[in-house]
Amino acid sequence: MLIIPLVAVFVAPLLKPREASHLTALAFLLPFFSILYCIFGGCPREILLMRFSPPIGDIYLNLDFIAHAFGLTICLVSAMVALFALPYMEHRFEEMELDKNVEFRRYIFIYNLYAASMLWLVYSGNLALLYVFMELMLISAFLLIYKYGYGNRRWVGLLYLVWCAIAGVLTLAGFVIMAFNNNTLALNAIMAGGKGVGMVAWAFIFGGMIIELPVVGPHIWLPWAHAEAPTPVSALLSPLTVGLAGYVLLRIALIDYSFIEAYRMPILGYAIFSSLYGGFSVFKQTDFKRLLAYSTVSQMGYMLVALTLGPFGLLGVVIQYMSHAFGKSILFSSAGGIIAVHHGLRDINKMGGLHDSIPAISNAAVVGFLNLGGILTVGMLGEFFILRGVVDTFGIKTSSLGVILGVVFMFILSVWYGFYTLRKVFYGKPKSTERLEISRYLYVPLYVIGIISVLLLFPPLSTVLIHGLDMIPGLGLGVGGVVP
Amino acid sequence: MTAVTLALVALVILVLGAVGSFKFRPLGFLGALIAILIGLGTCPLYYGIFIFAIALVNLLSLTALQDIIKGVDYSLVGLMALATMYIFTTHDFAMVLVALVLVSVPTYILVMLRAGKANIEVGIKYITFMVLATVMFLIGAVILLYAHAHAPGAAADGFGFIYAVGYVMLVLGLSLEVGVAPLHEWVPDVFTAGDPIPISIIASLAKVVPFVAALWILIPISNAITPSLVLFTAVLAAISMFTGNIGALTAREPARVLAYSTVANMGYVLSCFVVIANHEYVYFAIAGGLLMLFANAVGKIGFFNAIKGEGAYSPFMYILAFSFIGVPPLMGFWGKLYILFSMAKMEYFWLVAIMVINSAISIPYYIRLAGELGVSWRMNLVNLICLIAVIITLVTVLFVPVDWFFKNIALVANSLGVVI
């Protein structure tokens, strides 16, 4: 089923915009259901693609529950954003005075390549294959910003490309060192070999991935890229792409946790600071998309915090990725809906009371913020496992109070800026009470994501998924892994 | 038939083609094509197929140039391709140097080619530098072999000093020949003043042999002082990467950008020399260096032809640009990856970091170049050439050809040795 999105990359551009969008959605929904089938019914753990000479090693697909959790999220968000993008991109092409039919073919080709790369990245069982898809993902995202972005889109595209290329090559340098330490880049062989990652390789990979994630400092590219990208791209870039840096760190941590253990406190402190900085920066923004971009910095801080918190924290990384992806894709799509309906409106000072004119989008945004805040959605599980990780790692005692309070305040801040934004954008005194007619494509996909994010909180989805993740050594309750 | 016999047969056909082209110009093309096809028999297929493909696009691109030696120009390219194929399997020191000269000399003539009349001014500048480079390389090689013959494996009785002098001269000759900074002065001038078609040949096919010749000489005669000497090469490589990429970033004219890109790329290839003293892992260097040279060759052919044809199909330009940047799974990525492997194995982490930084620095100018040279689709020779260049670049997408190439290079490296 994973091959279907790759086929769609080449087939979708041959169709008209509507059919191409539907095909794209279908191409990601089929693997989505296939992953669900694997979660409930089981499927092969690995699929060998080819045997490559050392130090690259076997190229195979890794079909474990971590990959399924990430894959499920990528498939759902990519399918729904593809549908949302149909009216949005037509509107964008009109703005840019481009031929809609011709340009949509180019757009859908790059979009499918982008989304398929992310999906294949999480199923890559070899770090060389993972790197290939990581770079394909980067390049396709760059092309979408460069060609269809807003403002100084070419400069922003290059800014994004350069920063992410630095992140990519630093990571590659780490992988190269790992390759020589282990004589392979196949994850299963590295785990079996027991030689680990090594501090130098870890440092390179960690350095690369905190740029990609990003945390405060190297985050400067993110508000530009996420704000100026066409909104369907922002709706993949922010929810899916950046979090994949957390996925890479998670995979490396499951092989060898020594680096995190050695530098736990500095990393944790930096991650909490980054999350708080991102959260407080939200209040200063006047551009809705830029506001959401800073929220991403804050949420990625969660992932880094979770990474430092032992087996339960690592489980939290997975769930946090899912909840952030669901929430942020809904929110960026909401911002896109406002842009499409209100002719490019992004300034939140000119918003207020939009619920009266576009209630469907407004209600979807509420679900989006519930995900970020961890309220009645899968985000709640994410926060639970992060807190469990804090308690397990530091214990409940006076000396750990600072960490516990820091993490709890991080969670509260998300809820705080969530309600602040909702009030500022959708509630308060309306500028107009006229209810606007909007395309169903602009809100139905958002509700589908929202519903799944709620369903994932409850059995049987949550229990089966968490149980499957628990079975992975080093994750959650899993035993026998390298994480103490 | 042996490789030598095949090479001689191919040479005869080349000469006949060149002579026949005075009466009927396409005979030159036909002769060159047959010669390089025969040349495939002189070297292993995994190497020869790339050289054949690069030479073929070089030949095709020459058809767009109505120069004063039309017909003979094909034979010159054929001769370069033949020497490039033959050097890979020869273990004879003299033949290695002959191959170097056979690749270098035709470029003296090619660089002067342009429609209508000869470009003498560029020719003089280029020839001056190239003669100096070739002489330095030859003298360096001879000194090295002399030192090795008298004190193999050790630096006894002052032979260590002689060995070091030979090594430095050979590396400087190589640097001048291919355009490694700080000996790159001729590259921007010649690349901008010459016609893009012959320059594309100089920037592509002509770059392979000097590196192969240097590796074939340096690897078998490496000794206890070689690990110290490679630091000199590493520093040169680092200087070249920075000079090339910063020069390309600040240059505006596409040909000048490509000139500096060549300087940077030659720095990448030179950096793999850090592993020559370690025979166990030298195959990473050879695999990486060759893949990098192939990627550089097809990229330069595509871009220079686009300059000549006032643009080429935009997606082709972007794919070639991404290959230069090192985006996987394009060919440029594999080249850089294996070079990184070789540097990491030798624990040259500072050079790894410099290569990483330079890969990032190069992104803006390659994207800018692709944007400037990219146009919408039209059916013409330039796009055909660029299409072939892109296909070669994409050969590595499925991983299998890379592994095939790499495995065979590992076998070759094990049996490497030059007979003095």
# chains A, B, ... in the order shown; residues from 1 in each chain; ligands from 1
call {"tool": "interface_residues", "arguments": {"of": "chain A", "to": "chain B", "cutoff": "7 Å", "atoms": "only C-alpha atoms", "output": "number ranges by chain"}}
result
A: 52-53, 132, 135, 158, 162, 165-166, 169-170, 176-177, 180
call {"tool": "residues_around", "arguments": {"residues": "stretch 21-34 of chain B", "least_positions_apart": "6", "cutoff": "7 Å", "atoms": "only C-alpha atoms", "output": "number ranges by chain"}}
result
B: 13-14, 70-72, 74-75, 78
call {"tool": "residues_around", "arguments": {"residues": "B:Leu82", "least_positions_apart": "5", "cutoff": "8 Å", "atoms": "only C-alpha atoms", "output": "list of chain:residue names"}}
result
B:Ala7, B:Ala10, B:Ala35, B:Ile36, B:Gly39
call {"tool": "atom_distance", "arguments": {"atom1": "atom CA of A:Met410", "atom2": "atom CA of A:Gly337"}}
result
28.7 Å
call {"tool": "residues_around", "arguments": {"residues": "stretch 40-54 of chain B", "least_positions_apart": "3", "cutoff": "8 Å", "atoms": "only C-alpha atoms", "output": "list of chain:residue names"}}
result
B:Thr2, B:Ala3, B:Val4, B:Leu6, B:Ala7, B:Ile36, B:Leu37, B:Val57, B:Asn58, B:Ala81, B:Thr84, B:Met85, B:Tyr86, B:Phe88, B:Thr89, B:Ser204, B:Leu205, B:Phe294, B:Ala297, B:Val298, B:Ile392, B:Trp404, B:Phe405, B:Asn408
call {"tool": "write_last_selection", "arguments": {"atoms": "N, CA and C atoms", "output": "PDB file, in the first residue's frame"}}
result
ATOM      1  N   THR B   2      43.267  -8.061 -26.431  1.00  0.00           N
ATOM      2  CA  THR B   2      43.661  -7.378 -25.189  1.00  0.00           C
ATOM      3  C   THR B   2      43.218  -5.920 -25.230  1.00  0.00           C
ATOM      4  N   ALA B   3      43.299  -5.286 -24.065  1.00  0.00           N
ATOM      5  CA  ALA B   3      42.901  -3.876 -23.971  1.00  0.00           C
ATOM      6  C   ALA B   3      43.756  -3.007 -24.881  1.00  0.00           C
ATOM      7  N   VAL B   4      45.057  -3.341 -24.951  1.00  0.00           N
ATOM      8  CA  VAL B   4      45.961  -2.530 -25.784  1.00  0.00           C
ATOM      9  C   VAL B   4      45.561  -2.647 -27.252  1.00  0.00           C
ATOM     10  N   LEU B   6      42.667  -3.454 -28.526  1.00  0.00           N
ATOM     11  CA  LEU B   6      41.395  -2.743 -28.744  1.00  0.00           C
ATOM     12  C   LEU B   6      41.613  -1.233 -28.809  1.00  0.00           C
ATOM     13  N   ALA B   7      42.455  -0.737 -27.909  1.00  0.00           N
ATOM     14  CA  ALA B   7      42.733   0.704 -27.896  1.00  0.00           C
ATOM     15  C   ALA B   7      43.396   1.134 -29.208  1.00  0.00           C
ATOM     16  N   ILE B  36      34.772   4.973 -29.345  1.00  0.00           N
ATOM     17  CA  ILE B  36      34.467   4.890 -27.902  1.00  0.00           C
ATOM     18  C   ILE B  36      33.652   3.631 -27.583  1.00  0.00           C
ATOM     19  N   LEU B  37      32.922   3.152 -28.594  1.00  0.00           N
ATOM     20  CA  LEU B  37      32.231   1.867 -28.381  1.00  0.00           C
ATOM     21  C   LEU B  37      33.253   0.743 -28.225  1.00  0.00           C
ATOM     22  N   VAL B  57      27.359  12.615 -24.921  1.00  0.00           N
ATOM     23  CA  VAL B  57      26.704  13.932 -24.841  1.00  0.00           C
ATOM     24  C   VAL B  57      27.679  15.051 -25.241  1.00  0.00           C
ATOM     25  N   ASN B  58      28.955  14.842 -24.959  1.00  0.00           N
ATOM     26  CA  ASN B  58      29.960  15.809 -25.438  1.00  0.00           C
ATOM     27  C   ASN B  58      29.956  15.853 -26.965  1.00  0.00           C
ATOM     28  N   ALA B  81      38.076  10.429 -24.657  1.00  0.00           N
ATOM     29  CA  ALA B  81      37.253   9.378 -24.042  1.00  0.00           C
ATOM     30  C   ALA B  81      38.018   8.053 -24.002  1.00  0.00           C
ATOM     31  N   THR B  84      40.534   8.125 -21.334  1.00  0.00           N
ATOM     32  CA  THR B  84      39.866   8.065 -20.024  1.00  0.00           C
ATOM     33  C   THR B  84      39.445   6.630 -19.705  1.00  0.00           C
ATOM     34  N   MET B  85      39.009   5.914 -20.728  1.00  0.00           N
ATOM     35  CA  MET B  85      38.618   4.512 -20.503  1.00  0.00           C
ATOM     36  C   MET B  85      39.860   3.648 -20.247  1.00  0.00           C
ATOM     37  N   TYR B  86      40.877   3.860 -21.047  1.00  0.00           N
ATOM     38  CA  TYR B  86      42.046   2.990 -20.994  1.00  0.00           C
ATOM     39  C   TYR B  86      42.804   3.125 -19.669  1.00  0.00           C
ATOM     40  N   PHE B  88      41.880   3.406 -16.776  1.00  0.00           N
ATOM     41  CA  PHE B  88      41.297   2.732 -15.609  1.00  0.00           C
ATOM     42  C   PHE B  88      41.883   1.345 -15.385  1.00  0.00           C
ATOM     43  N   THR B  89      42.291   0.685 -16.479  1.00  0.00           N
ATOM     44  CA  THR B  89      42.779  -0.685 -16.302  1.00  0.00           C
ATOM     45  C   THR B  89      44.291  -0.812 -16.446  1.00  0.00           C
ATOM     46  N   SER B 204      34.102  18.633 -18.076  1.00  0.00           N
ATOM     47  CA  SER B 204      33.485  17.325 -17.806  1.00  0.00           C
ATOM     48  C   SER B 204      34.472  16.182 -18.038  1.00  0.00           C
ATOM     49  N   LEU B 205      34.587  15.760 -19.292  1.00  0.00           N
ATOM     50  CA  LEU B 205      35.402  14.587 -19.620  1.00  0.00           C
ATOM     51  C   LEU B 205      36.867  14.756 -19.198  1.00  0.00           C
ATOM     52  N   PHE B 294      31.656  12.191 -12.213  1.00  0.00           N
ATOM     53  CA  PHE B 294      30.585  11.929 -13.190  1.00  0.00           C
ATOM     54  C   PHE B 294      29.442  12.926 -13.006  1.00  0.00           C
ATOM     55  N   ALA B 297      30.459  16.199 -14.249  1.00  0.00           N
ATOM     56  CA  ALA B 297      30.545  16.211 -15.709  1.00  0.00           C
ATOM     57  C   ALA B 297      29.170  16.406 -16.349  1.00  0.00           C
ATOM     58  N   VAL B 298      28.210  15.587 -15.964  1.00  0.00           N
ATOM     59  CA  VAL B 298      26.892  15.701 -16.612  1.00  0.00           C
ATOM     60  C   VAL B 298      26.212  17.022 -16.250  1.00  0.00           C
ATOM     61  N   ILE B 392      21.349  10.337 -16.830  1.00  0.00           N
ATOM     62  CA  ILE B 392      22.577   9.823 -16.187  1.00  0.00           C
ATOM     63  C   ILE B 392      22.562  10.174 -14.697  1.00  0.00           C
ATOM     64  N   TRP B 404      26.231  -1.738  -7.406  1.00  0.00           N
ATOM     65  CA  TRP B 404      26.973  -2.453  -8.463  1.00  0.00           C
ATOM     66  C   TRP B 404      28.314  -1.758  -8.697  1.00  0.00           C
ATOM     67  N   PHE B 405      28.277  -0.456  -8.842  1.00  0.00           N
ATOM     68  CA  PHE B 405      29.481   0.339  -9.080  1.00  0.00           C
ATOM     69  C   PHE B 405      30.446   0.205  -7.894  1.00  0.00           C
ATOM     70  N   ASN B 408      32.202  -3.221  -7.416  1.00  0.00           N
ATOM     71  CA  ASN B 408      33.262  -3.441  -8.396  1.00  0.00           C
ATOM     72  C   ASN B 408      34.480  -2.568  -8.127  1.00  0.00           C
TER      73      ASN B 408
END
call {"tool": "residues_around", "arguments": {"residues": "stretch 118-122 of chain B", "least_positions_apart": "6", "cutoff": "7 Å", "atoms": "only C-alpha atoms", "output": "PDB file with N, CA and C atoms, in the first residue's frame"}}
result
ATOM      1  N   MET B 112      39.995  26.606 -27.989  1.00  0.00           N
ATOM      2  CA  MET B 112      40.022  27.736 -28.937  1.00  0.00           C
ATOM      3  C   MET B 112      38.858  27.715 -29.916  1.00  0.00           C
ATOM      4  N   VAL B 190      38.919  31.518 -18.400  1.00  0.00           N
ATOM      5  CA  VAL B 190      38.732  30.651 -19.568  1.00  0.00           C
ATOM      6  C   VAL B 190      37.271  30.240 -19.706  1.00  0.00           C
ATOM      7  N   ALA B 193      35.356  33.292 -21.107  1.00  0.00           N
ATOM      8  CA  ALA B 193      35.752  33.804 -22.432  1.00  0.00           C
ATOM      9  C   ALA B 193      35.567  32.761 -23.541  1.00  0.00           C
ATOM     10  N   GLY B 194      35.615  31.491 -23.195  1.00  0.00           N
ATOM     11  CA  GLY B 194      35.502  30.444 -24.212  1.00  0.00           C
ATOM     12  C   GLY B 194      34.063  30.188 -24.619  1.00  0.00           C
TER      13      GLY B 194
END
call {"tool": "residues_around", "arguments": {"residues": "stretch 414-423 of chain A", "least_positions_apart": "2", "cutoff": "8 Å", "atoms": "only C-alpha atoms", "output": "JSON, numbers by chain"}}
result
{"A": [279, 280, 282, 283, 295, 298, 352, 353, 365, 366, 369, 370, 372, 373, 410, 411, 412, 425, 426, 427, 428]}
call {"tool": "closest_residue", "arguments": {"among": "B:Leu411, B:Ile221, B:Leu65, B:Val165", "to": "B:Gly116", "atoms": "only C-alpha atoms"}}
result
B:Leu65
call {"tool": "residues_around", "arguments": {"residues": "stretch 438-444 of chain A", "least_positions_apart": "2", "cutoff": "6 Å", "atoms": "only C-alpha atoms", "output": "PDB file with N, CA and C atoms, in the first residue's frame"}}
result
ATOM      1  N   LEU A  83      -7.433  17.580  -0.092  1.00  0.00           N
ATOM      2  CA  LEU A  83      -8.799  17.997  -0.428  1.00  0.00           C
ATOM      3  C   LEU A  83      -8.999  19.480  -0.128  1.00  0.00           C
ATOM      4  N   PHE A  84      -8.521  19.894   1.036  1.00  0.00           N
ATOM      5  CA  PHE A  84      -8.627  21.308   1.434  1.00  0.00           C
ATOM      6  C   PHE A  84      -7.950  22.215   0.399  1.00  0.00           C
ATOM      7  N   GLY A 337      -8.465  28.841   5.311  1.00  0.00           N
ATOM      8  CA  GLY A 337      -9.881  29.101   5.015  1.00  0.00           C
ATOM      9  C   GLY A 337     -10.181  30.587   5.115  1.00  0.00           C
ATOM     10  N   ILE A 361     -15.471  26.926  10.079  1.00  0.00           N
ATOM     11  CA  ILE A 361     -14.019  26.997  10.238  1.00  0.00           C
ATOM     12  C   ILE A 361     -13.670  27.302  11.697  1.00  0.00           C
ATOM     13  N   LEU A 446     -11.176  19.161   7.773  1.00  0.00           N
ATOM     14  CA  LEU A 446     -10.701  19.537   9.104  1.00  0.00           C
ATOM     15  C   LEU A 446     -11.451  18.759  10.185  1.00  0.00           C
ATOM     16  N   TYR A 447     -12.741  18.568   9.942  1.00  0.00           N
ATOM     17  CA  TYR A 447     -13.536  17.813  10.918  1.00  0.00           C
ATOM     18  C   TYR A 447     -13.143  16.341  10.922  1.00  0.00           C
TER      19      TYR A 447
END
call {"tool": "select_by_dssp", "arguments": {"residues": "stretch 128-375 of chain B", "states": "strand (DSSP E)", "output": "PyMOL selection string"}}
result
chain B and resi 312-313+374-375
call {"tool": "write_last_selection", "arguments": {"atoms": "C-alpha atoms", "output": "mmCIF file, in the first residue's frame"}}
result
data_model
loop_
_atom_site.group_PDB
_atom_site.id
_atom_site.type_symbol
_atom_site.label_atom_id
_atom_site.label_comp_id
_atom_site.auth_asym_id
_atom_site.auth_seq_id
_atom_site.Cartn_x
_atom_site.Cartn_y
_atom_site.Cartn_z
ATOM 1 C CA ALA B 312 16.904 24.626 -21.207
ATOM 2 C CA TYR B 313 13.804 22.976 -19.791
ATOM 3 C CA GLY B 374 15.368 27.293 -16.859
ATOM 4 C CA VAL B 375 12.812 27.939 -19.582
#
call {"tool": "atom_distance", "arguments": {"atom1": "atom CA of A:Leu119", "atom2": "atom CA of A:Cys75"}}
result
7.2 Å
call {"tool": "closest_residue", "arguments": {"among": "A:Leu159, A:Leu143, A:Met209, A:Met322", "to": "A:Thr377", "atoms": "only C-alpha atoms"}}
result
A:Met322
call {"tool": "closest_residue", "arguments": {"among": "B:Ser314, B:Thr63, B:Ser175, B:Ser104", "to": "B:Met136", "atoms": "only C-alpha atoms"}}
result
B:Ser175
